[in-house]
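Structure file structure.txt (compact mmCIF, C-alpha atoms) follows.
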# COMPACT_ATOMS: atom_id res chain seq x y z
CA SER A 1 107.36 159.61 31.80
CA PRO A 2 104.66 158.52 34.28
CA PHE A 3 102.62 161.66 33.62
CA LEU A 4 102.30 161.04 29.89
CA THR A 5 100.57 157.64 29.98
CA GLY A 6 96.91 158.54 30.32
CA THR A 7 95.13 155.64 28.63
CA GLN A 8 96.85 152.60 30.10
CA LEU A 9 96.33 150.90 33.47
CA ALA A 10 99.16 149.63 35.64
CA LEU A 11 98.42 147.48 38.68
CA VAL A 12 100.14 145.46 41.41
CA ASP A 13 98.08 142.42 42.44
CA GLY A 14 95.00 144.15 41.05
CA ARG A 15 95.65 147.45 42.89
CA PRO A 16 96.15 150.37 40.49
CA LEU A 17 99.14 152.68 40.22
CA TYR A 18 96.91 154.85 38.01
CA PHE A 19 95.53 158.02 39.61
CA ASP A 20 92.47 159.94 38.45
CA PHE A 21 93.62 163.36 39.60
CA PHE A 22 95.81 163.73 36.49
CA ASN A 23 95.20 160.35 34.77
CA VAL A 24 98.78 159.29 35.41
CA ILE A 25 100.74 156.16 36.32
CA PHE A 26 103.28 156.55 39.13
CA TRP A 27 105.69 153.74 38.29
CA ASP A 28 108.17 155.28 40.75
CA LEU A 29 105.83 154.52 43.65
CA ALA A 30 105.42 150.75 43.13
CA THR A 31 106.54 149.40 46.51
CA VAL A 32 107.34 145.83 45.45
CA GLN A 33 110.86 144.75 44.57
CA THR A 34 111.68 143.08 41.26
CA THR A 35 112.53 139.89 43.16
CA ASP A 36 108.97 139.88 44.57
CA ILE A 37 107.34 139.69 41.13
CA GLU A 38 106.16 136.26 39.97
CA GLN A 39 104.73 137.29 36.61
CA ILE A 40 103.69 140.35 34.63
CA GLU A 41 100.38 140.15 32.77
CA VAL A 42 100.12 142.39 29.71
CA VAL A 43 96.88 143.09 27.86
CA ARG A 44 97.36 145.00 24.63
CA GLY A 45 94.63 147.21 23.20
CA PRO A 46 91.30 148.34 24.69
CA ALA A 47 90.43 146.34 27.83
CA SER A 48 87.71 148.30 29.64
CA THR A 49 85.28 145.36 29.40
CA MET A 50 87.10 143.49 32.17
CA TRP A 51 89.31 146.17 33.74
CA GLY A 52 87.08 149.23 33.69
CA ALA A 53 87.75 152.85 32.80
CA ASN A 54 91.09 154.06 31.47
CA ALA A 55 92.20 150.63 30.23
CA ALA A 56 91.87 152.15 26.78
CA THR A 57 95.19 151.14 25.24
CA GLY A 58 96.32 148.33 27.51
CA VAL A 59 96.83 146.88 30.99
CA VAL A 60 99.98 145.86 32.88
CA ASN A 61 99.34 143.83 36.04
CA MET A 62 102.30 142.81 38.21
CA VAL A 63 101.56 139.66 40.25
CA THR A 64 103.78 139.13 43.29
CA ARG A 65 105.11 135.83 44.62
CA ALA A 66 103.36 134.16 47.55
CA PRO A 67 105.56 134.31 50.68
CA ARG A 68 105.18 130.54 51.24
CA THR A 69 106.80 129.75 47.89
CA SER A 70 109.69 132.21 48.34
CA GLN A 71 110.89 131.72 51.92
CA GLY A 72 114.23 132.92 53.17
CA LEU A 73 116.45 135.97 53.09
CA GLU A 74 117.35 137.75 49.87
CA PHE A 75 119.66 140.74 49.53
CA ALA A 76 120.61 142.42 46.27
CA VAL A 77 122.84 145.36 45.42
CA ILE A 78 122.90 146.67 41.86
CA GLY A 79 125.09 149.46 40.54
CA GLY A 80 126.10 151.00 37.25
CA LEU A 81 127.53 154.02 35.52
CA LEU A 82 125.91 156.59 33.25
CA SER A 83 127.86 157.81 30.25
CA ARG A 84 127.44 161.59 30.02
CA SER A 85 129.32 164.44 28.42
CA SER A 86 131.49 166.73 30.51
CA GLU A 87 128.91 169.50 30.02
CA ALA A 88 126.31 167.20 31.62
CA GLY A 89 128.53 166.51 34.64
CA GLY A 90 130.64 163.64 33.39
CA THR A 91 130.13 160.00 34.30
CA GLY A 92 127.16 159.48 36.61
CA ALA A 93 126.03 156.62 38.83
CA MET A 94 122.87 154.67 39.47
CA GLY A 95 122.09 151.80 41.76
CA SER A 96 119.71 150.10 44.13
CA PHE A 97 119.62 147.82 47.11
CA ASN A 98 116.80 145.49 48.11
CA ILE A 99 116.38 143.25 51.12
CA ARG A 100 113.50 140.87 51.80
CA TRP A 101 112.61 138.20 54.31
CA ALA A 102 109.81 135.65 53.82
CA ASP A 103 108.73 132.92 56.23
CA ALA A 104 105.85 130.53 56.93
CA PRO A 105 105.76 130.03 60.72
CA THR A 106 102.64 127.82 60.53
CA ASP A 107 100.77 125.90 57.86
CA LYS A 108 98.14 128.66 57.88
CA LEU A 109 100.29 131.78 57.95
CA ALA A 110 103.09 133.17 55.79
CA TYR A 111 104.54 136.65 55.48
CA ARG A 112 107.05 138.73 53.54
CA ILE A 113 108.80 141.97 54.51
CA SER A 114 110.83 143.89 51.95
CA ALA A 115 112.58 147.23 51.77
CA GLY A 116 114.87 148.97 49.35
CA ALA A 117 115.83 152.12 47.53
CA PHE A 118 116.79 153.21 44.03
CA TYR A 119 119.09 156.13 43.24
CA SER A 120 120.14 157.66 39.96
CA ASP A 121 122.15 160.69 38.95
CA PRO A 122 120.40 162.71 36.24
CA LEU A 123 120.48 161.33 32.74
CA GLN A 124 121.99 163.54 30.06
CA ARG A 125 119.38 165.79 28.56
CA PRO A 126 119.01 165.95 24.76
CA THR A 127 120.70 168.70 22.77
CA GLY A 128 119.85 170.48 19.55
CA MET A 129 116.48 171.67 18.35
CA ILE A 130 113.11 170.39 19.53
CA PRO A 131 111.24 168.98 16.50
CA GLU A 132 108.03 170.67 15.42
CA VAL A 133 105.08 168.28 15.74
CA PRO A 134 101.28 168.58 16.02
CA THR A 135 100.04 168.40 19.60
CA PRO A 136 97.89 165.29 20.29
CA ILE A 137 95.32 167.46 22.09
CA GLU A 138 94.71 169.70 19.07
CA PRO A 139 96.45 168.35 15.94
CA VAL A 140 96.12 171.63 14.02
CA VAL A 141 98.40 173.30 16.61
CA ILE A 142 102.13 172.85 15.93
CA VAL A 143 104.45 172.82 18.95
CA GLY A 144 108.22 172.61 19.31
CA GLY A 145 110.86 174.39 17.31
CA GLY A 146 112.90 175.67 20.25
CA SER A 147 116.32 174.62 21.51
CA TYR A 148 116.87 172.18 24.37
CA GLU A 149 119.71 174.43 25.55
CA ASP A 150 117.23 177.29 26.05
CA VAL A 151 115.22 175.40 28.69
CA PRO A 152 116.19 177.31 31.87
CA TYR A 153 116.48 174.67 34.61
CA ASP A 154 119.09 172.32 36.01
CA ASN A 155 118.69 168.61 35.65
CA ASN A 156 118.67 166.42 38.76
CA GLY A 157 118.47 162.77 39.72
CA THR A 158 116.06 160.72 41.78
CA LEU A 159 115.90 158.84 45.09
CA GLN A 160 113.13 156.28 45.63
CA PRO A 161 113.02 154.41 48.97
CA LYS A 162 110.21 151.90 49.57
CA PHE A 163 108.84 149.41 52.10
CA ASP A 164 106.32 146.59 51.62
CA LEU A 165 104.59 143.97 53.79
CA ARG A 166 102.44 141.01 52.73
CA ILE A 167 100.73 138.40 54.93
CA ASP A 168 98.92 135.34 53.55
CA GLN A 169 96.40 133.55 55.74
CA GLU A 170 95.08 130.14 54.69
CA LEU A 171 91.52 129.47 55.84
CA ASP A 172 89.85 126.13 56.44
CA GLY A 173 88.85 124.73 53.08
CA GLU A 174 89.95 126.59 49.93
CA GLY A 175 89.87 130.15 51.21
CA ARG A 176 92.84 132.48 51.51
CA ILE A 177 93.17 136.09 52.66
CA LEU A 178 95.97 138.40 51.55
CA TYR A 179 96.87 141.41 53.70
CA ALA A 180 99.29 143.93 52.22
CA ALA A 181 100.54 147.41 53.03
CA GLY A 182 103.41 149.59 51.97
CA VAL A 183 104.81 153.03 51.29
CA GLY A 184 106.95 154.32 48.43
CA TYR A 185 108.68 157.67 48.08
CA THR A 186 110.07 159.52 45.09
CA GLU A 187 111.80 162.77 44.26
CA GLY A 188 113.10 164.26 41.05
CA ILE A 189 111.90 165.71 37.76
CA ILE A 190 108.50 164.63 36.47
CA GLN A 191 107.50 165.47 32.90
CA THR A 192 103.84 166.50 32.60
CA PRO A 193 101.52 167.84 29.87
CA ILE A 194 102.04 171.33 31.37
CA GLY A 195 105.82 171.15 31.61
CA PRO A 196 108.49 169.65 33.90
CA PHE A 197 107.96 169.66 37.67
CA ASP A 198 110.37 168.80 40.47
CA ALA A 199 108.73 166.30 42.83
CA GLN A 200 109.95 167.21 46.31
CA ARG A 201 111.32 164.81 48.89
CA GLY A 202 108.36 163.37 50.79
CA THR A 203 106.18 162.77 47.74
CA ASN A 204 104.76 159.34 48.53
CA LEU A 205 102.13 156.66 48.01
CA THR A 206 100.83 154.76 51.03
CA TYR A 207 98.52 151.80 50.49
CA GLY A 208 96.63 149.06 52.30
CA GLN A 209 94.93 146.03 50.72
CA ILE A 210 92.90 143.02 51.82
CA ALA A 211 91.99 140.36 49.23
CA TYR A 212 89.90 137.20 49.76
CA HIS A 213 89.96 134.20 47.39
CA ARG A 214 87.88 131.05 47.59
CA GLY A 215 87.69 128.86 44.51
CA SER A 216 86.61 131.08 41.62
CA PHE A 217 85.27 133.83 43.91
CA ARG A 218 87.37 136.84 44.81
CA ALA A 219 86.81 140.07 46.73
CA GLN A 220 89.20 142.81 47.69
CA VAL A 221 89.30 146.23 49.27
CA PHE A 222 92.19 148.64 48.98
CA ALA A 223 93.12 152.22 49.75
CA ASN A 224 95.74 154.31 47.94
CA TYR A 225 96.79 157.63 49.44
CA LEU A 226 99.03 159.77 47.25
CA THR A 227 100.43 163.09 48.37
CA GLY A 228 103.19 165.36 47.13
CA LYS A 229 104.51 168.79 46.26
CA ALA A 230 106.10 169.69 42.94
CA PRO A 231 107.16 173.20 41.86
CA SER A 232 107.36 173.87 38.14
CA LEU A 233 110.82 174.25 36.65
CA ILE A 234 109.85 176.60 33.82
CA SER A 235 106.37 178.05 34.46
CA LEU A 236 105.65 181.09 36.59
CA ASP A 237 102.34 181.92 38.21
CA SER A 238 100.60 185.23 37.59
CA GLU A 239 102.67 186.86 40.37
CA GLY A 240 105.97 185.76 38.87
CA ASN A 241 106.68 182.93 41.33
CA PRO A 242 107.39 179.35 40.22
CA LEU A 243 104.13 177.54 39.59
CA ARG A 244 103.59 174.87 42.23
CA ILE A 245 101.40 171.78 42.31
CA ASP A 246 100.38 170.46 45.72
CA PHE A 247 98.37 167.28 45.28
CA THR A 248 96.56 164.71 47.40
CA ASN A 249 94.48 161.89 45.92
CA GLY A 250 92.81 159.23 48.04
CA VAL A 251 91.40 156.13 46.30
CA TYR A 252 89.12 153.68 48.16
CA ASP A 253 87.81 150.62 46.31
CA LEU A 254 85.70 147.48 46.79
CA ASP A 255 85.99 144.88 43.99
CA VAL A 256 84.31 141.46 43.62
CA GLY A 257 84.34 138.79 40.91
CA TRP A 258 83.17 135.23 40.32
CA SER A 259 83.27 132.69 37.50
CA ASP A 260 81.78 129.24 36.93
CA LEU A 261 81.13 126.70 34.18
CA PHE A 262 77.53 126.24 33.02
CA GLY A 263 76.23 123.51 30.72
CA GLY A 264 79.73 122.25 30.00
CA ARG A 265 80.26 124.95 27.37
CA HIS A 266 79.71 128.35 29.00
CA LEU A 267 82.40 129.77 31.27
CA MET A 268 80.56 132.71 32.84
CA SER A 269 82.34 135.54 34.66
CA PHE A 270 80.68 138.25 36.71
CA GLY A 271 82.08 141.14 38.68
CA GLY A 272 82.05 144.77 39.59
CA ASN A 273 83.48 147.46 41.80
CA ILE A 274 82.64 150.70 43.53
CA ARG A 275 85.31 153.34 44.08
CA ALA A 276 85.57 156.71 45.78
CA ASN A 277 88.21 159.31 44.97
CA THR A 278 89.02 162.32 47.14
CA PHE A 279 91.05 165.24 45.81
CA ASP A 280 92.94 168.20 47.26
CA LEU A 281 94.68 169.87 44.31
CA SER A 282 96.21 173.33 44.32
CA ILE A 283 95.62 173.80 40.56
CA ALA A 284 92.09 172.34 40.56
CA GLN A 285 90.43 173.52 43.75
CA GLY A 286 86.97 172.69 42.41
CA ALA A 287 87.82 168.98 42.46
CA ASP A 288 86.66 167.49 45.76
CA ASP A 289 85.56 163.92 45.18
CA ARG A 290 84.38 161.43 42.58
CA ILE A 291 82.30 158.26 42.79
CA GLN A 292 82.49 155.52 40.20
CA ALA A 293 80.91 152.08 39.95
CA GLY A 294 80.98 149.34 37.34
CA ALA A 295 79.74 145.84 36.62
CA TYR A 296 80.61 143.31 33.91
CA VAL A 297 79.51 139.94 32.57
CA GLN A 298 81.36 137.64 30.16
CA ASP A 299 80.41 134.35 28.51
CA GLU A 300 83.20 132.26 26.95
CA ILE A 301 81.50 129.62 24.79
CA ASN A 302 83.33 126.43 23.77
CA LEU A 303 82.23 125.41 20.26
CA GLY A 304 84.91 122.84 19.57
CA THR A 305 87.41 124.32 17.11
CA PHE A 306 85.77 127.71 17.73
CA GLN A 307 85.76 129.77 20.93
CA LEU A 308 83.29 132.67 21.17
CA ALA A 309 83.57 135.34 23.87
CA LEU A 310 80.74 137.80 24.53
CA ALA A 311 81.22 140.44 27.21
CA ALA A 312 79.96 143.84 28.30
CA ARG A 313 80.66 146.26 31.14
CA ALA A 314 78.72 149.29 32.35
CA ASP A 315 80.49 152.09 34.25
CA TYR A 316 79.06 155.06 36.13
CA PHE A 317 81.19 158.12 36.85
CA SER A 318 79.84 161.02 38.87
CA ASN A 319 81.67 163.46 36.57
CA LEU A 320 80.04 162.06 33.41
CA GLU A 321 76.44 162.42 32.31
CA ASP A 322 76.10 159.04 30.60
CA ILE A 323 76.77 155.49 31.71
CA ASN A 324 79.57 154.09 29.57
CA ILE A 325 79.10 150.67 27.97
CA SER A 326 82.21 148.70 26.96
CA PRO A 327 81.31 145.70 24.74
CA ARG A 328 83.63 142.94 23.55
CA VAL A 329 83.12 140.20 20.96
CA ALA A 330 85.87 137.75 20.04
CA LEU A 331 85.89 134.63 17.85
CA ILE A 332 88.89 132.30 17.92
CA TRP A 333 89.29 129.48 15.39
CA THR A 334 91.81 126.74 16.14
CA PRO A 335 91.95 124.52 13.03
CA VAL A 336 94.89 122.47 14.38
CA PRO A 337 96.59 122.44 17.78
CA GLY A 338 99.07 125.27 18.15
CA HIS A 339 97.55 127.45 15.41
CA SER A 340 94.64 129.86 15.84
CA PHE A 341 93.00 132.81 14.14
CA LYS A 342 91.20 135.56 16.02
CA ALA A 343 88.68 138.22 15.04
CA SER A 344 87.44 140.67 17.65
CA TYR A 345 85.70 143.96 18.35
CA THR A 346 86.40 145.83 21.59
CA GLN A 347 85.41 149.26 22.86
CA ALA A 348 87.03 151.01 25.82
CA PHE A 349 87.05 154.50 27.30
CA ARG A 350 89.06 156.97 29.34
CA ALA A 351 87.29 159.21 31.82
CA PRO A 352 88.40 162.86 32.16
CA SER A 353 90.77 163.51 35.04
CA ALA A 354 90.01 165.85 37.93
CA VAL A 355 92.49 168.36 36.49
CA GLU A 356 90.85 168.22 33.04
CA ASN A 357 87.48 168.94 34.67
CA HIS A 358 88.49 171.57 37.23
CA LEU A 359 91.83 173.13 36.24
CA GLU A 360 92.24 176.75 37.38
CA LEU A 361 95.63 177.95 36.22
CA SER A 362 97.15 181.38 35.62
CA ILE A 363 100.72 181.44 34.31
CA ILE A 364 102.98 183.94 32.61
CA GLY A 365 103.04 182.82 28.98
CA GLY A 366 105.59 185.40 27.85
CA TYR A 367 106.56 189.06 28.04
CA ILE A 368 105.75 192.04 25.85
CA PRO A 369 108.66 194.54 25.55
CA LEU A 370 107.48 198.10 26.12
CA ASP A 371 110.72 200.03 25.56
CA ASP A 372 109.88 200.38 21.86
CA PHE A 373 106.86 202.42 22.88
CA ASP A 374 108.39 204.19 25.87
CA PRO A 375 112.21 204.05 26.32
CA SER A 376 111.79 204.87 30.01
CA ILE A 377 110.11 201.49 30.65
CA ASP A 378 112.80 198.85 31.17
CA GLU A 379 110.65 195.98 32.43
CA PRO A 380 108.65 193.99 29.86
CA PHE A 381 104.93 193.51 30.47
CA PRO A 382 104.02 189.94 31.56
CA LEU A 383 101.43 188.20 29.41
CA VAL A 384 99.22 186.20 31.79
CA VAL A 385 97.50 183.12 30.36
CA ASN A 386 94.43 181.82 32.19
CA THR A 387 93.38 178.19 31.67
CA TRP A 388 90.27 176.48 32.99
CA GLY A 389 89.10 172.90 32.92
CA ASN A 390 85.82 171.77 31.41
CA PRO A 391 83.44 169.97 33.81
CA ASP A 392 81.28 168.91 30.84
CA LEU A 393 83.96 166.81 29.12
CA LYS A 394 82.78 163.47 27.80
CA ALA A 395 84.57 160.13 27.94
CA GLU A 396 87.28 159.44 25.36
CA THR A 397 86.34 156.29 23.40
CA HIS A 398 88.81 153.79 21.91
CA ILE A 399 87.74 151.04 19.50
CA SER A 400 89.78 148.08 18.29
CA PHE A 401 89.04 145.50 15.58
As structure tokens, how would this structure be written, given the file I've shared?
Amino acid sequence: SPFLTGTQLALVDGRPLYFDFFNVIFWDLATVQTTDIEQIEVVRGPASTMWGANAATGVVNMVTRAPRTSQGLEFAVIGGLLSRSSEAGGTGAMGSFNIRWADAPTDKLAYRISAGAFYSDPLQRPTGMIPEVPTPIEPVVIVGGGSYEDVPYDNNGTLQPKFDLRIDQELDGEGRILYAAGVGYTEGIIQTPIGPFDAQRGTNLTYGQIAYHRGSFRAQVFANYLTGKAPSLISLDSEGNPLRIDFTNGVYDLDVGWSDLFGGRHLMSFGGNIRANTFDLSIAQGADDRIQAGAYVQDEINLGTFQLALAARADYFSNLEDINISPRVALIWTPVPGHSFKASYTQAFRAPSAVENHLELSIIGGYIPLDDFDPSIDEPFPLVVNTWGNPDLKAETHISF
């Protein structure tokens, strides 16, 4: 579920699919097609030193193919069947179509246009009893124990159309500018820490990106604009209506980086970013905006059979009192070619989301029967549960050896 990955970053060409309003990854809203992807970079474990906040348990960066190296027309149709019981609706279907065109009309300009859609009937929901387990938020609290059949909502599928555009401009010398823009839509059930919600048609992510590369220097600006509506499938507000989340999260970022070799042994890397978030959240009306900024430095030292990496990053978040420092030390020993041993220490952090800081939620948590006390009262009394966020939350630290 995209809502349940709160400590891992996912990016497309360095632009995040991770959103600070709920600390979630919207995989559904990646606008690139699978045929557009050149490679997928995976960093396991804490990685805040280079990637910043919320890269606490890993990073997945999808790098797309340059239009000049993938010219021509491509069209793909994929289909399949879902095996389901008769109670779940019988055999279902899923499929997608993608079309892309890439061309290089001059030796300085290349572009790619792609569009597509993915559709799936609902998967079969589990049956039986929900296991009792400690909640990760408060391990002493045991949750579960109910029946999947008692969950009172119908399952449904998803439809995810998308469109993407990329233009590469070669500059005189070594420079290159990438221009990209796109929009992705999704609808269907989203599992969240506060229950399942039904993302309505029109929920979308629109983005724009400009990236400049020259030698070992890079700079980019991007804007993500996420908006959607999602009524709850099981929770009722204090007035007995389905709880509804209306959300808008704008992300605007400037990022720069540079690396160079010094003294023949020291590969130095420097970089930083400044980012502004804007929020309009129906369940966290106190969340308006957030500013964050970070800078890092890394020295990779070549000592022959040993490689030593020393790095540190400092991050400022307007919703946190302290500046967070993410250090990294790694020693790699390569006694013979093809064999190496590594020892490292890394510290990363996750910043609280806007909802964690500013949640204002009133839901009906159950009903108290009153007919035992007064037989004339047929309607049970609703038990309203009020939940608030904590604006004083500190960063969540992750350490790896």
Which region 38-67 of chain A residues have any atom within 12 Å of an atom of region 267-288 of chain A, and for each, what is the nearest pair of atoms with distance in Å to one decimal, counting all atoms listed in the file, rows sorted by chain and number, as a Markdown table?
| residue | atom | partner | partner_atom | distance |
| --- | --- | --- | --- | --- |
| A:Ser48 | CA | A:Gly272 | CA | 12.0 |
| A:Thr49 | CA | A:Gly271 | CA | 10.7 |
| A:Met50 | CA | A:Gly271 | CA | 8.6 |
| A:Trp51 | CA | A:Gly272 | CA | 9.4 |
| A:Gly52 | CA | A:Gly272 | CA | 8.9 |
| A:Ala53 | CA | A:Asn273 | CA | 11.3 |
Of the listed residues A:Tyr316, A:Phe118, A:Phe262, A:Phe97, that which approaches Glu187 (chain A) most closely, counting all atoms listed in the file: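 For Glu187 (chain A), the nearest of the given residues is A:Phe118.
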Hey, what's within 8 Å of region 64-81 of chain A if we count only C-alpha atoms and toss same-chain stuff fewer than 5 positions away? As a PyMOL selection string, please? chain A and resi 12-13+32+36-39+91-104+110-112+166-168
Of the candidates A:Ala199, A:Ala309, A:Ala348, A:Leu82, which shows the shortest atom-to-atom distance to Trp333 (chain A), using only C-alpha atoms? A:Ala309
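Rounded to one decimal, CA of Tyr153 (chain A) and CA of Asn249 (chain A) lie 27.8 Å from each other.
Proximity to Glu396 (chain A) was assessed for A:Ile189, A:Leu159, A:Ala56, A:Leu29 counting all atoms listed in the file; the smallest distance is recorded for A:Ala56.
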From CA of Tyr207 (chain A) to CA of Thr31 (chain A) the spacing works out at 9.3 Å
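Rounded to one decimal, CA of Leu393 (chain A) and CA of Ala354 (chain A) lie 10.7 Å from each other.
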Return the single residue from A:Tyr296, A:Gly264, A:Pro335, A:Asp154 that is closest to Asp315 (chain A), with distances computed using all atoms listed in the file.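 Among the listed residues, A:Tyr296 lies closest to Asp315 (chain A).
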Using only C-alpha atoms, can you list as an MDAnalysis selection string the residues within 12 Å of (82.9, 149.1, 24.6)? chainID A and resid 45:56 296 310:315 323:329 344:350 395:401
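Using all atoms listed in the file, the shortest contact distance between Ser238 (chain A) and any of A:Phe197, A:Phe381, A:Tyr225, A:Tyr185 is found at A:Phe381.
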Using all atoms listed in the file, which residue out of A:Thr305, A:Asn204, A:Ser318, A:Ser259 lies closest to His339 (chain A)?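 Nearest candidate to His339 (chain A) out of A:Thr305, A:Asn204, A:Ser318, A:Ser259: A:Thr305.
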Would you pick out the contacts of Phe22 (chain A) at 8 Å or less, using all atoms listed in the file, so that residues sharing its chain but fewer than 2 positions from it are not included, and give the list as a PDB file with C-alpha atoms, keeping the file's coordinate frame?
ATOM      1  CA  PHE A   3     102.620 161.660  33.620  1.00  0.00           C
ATOM      2  CA  PHE A  19      95.530 158.020  39.610  1.00  0.00           C
ATOM      3  CA  ASP A  20      92.470 159.940  38.450  1.00  0.00           C
ATOM      4  CA  VAL A  24      98.780 159.290  35.410  1.00  0.00           C
ATOM      5  CA  SER A 353      90.770 163.510  35.040  1.00  0.00           C
ATOM      6  CA  ALA A 354      90.010 165.850  37.930  1.00  0.00           C
ATOM      7  CA  VAL A 355      92.490 168.360  36.490  1.00  0.00           C
ATOM      8  CA  GLU A 356      90.850 168.220  33.040  1.00  0.00           C
TER       9      GLU A 356
END
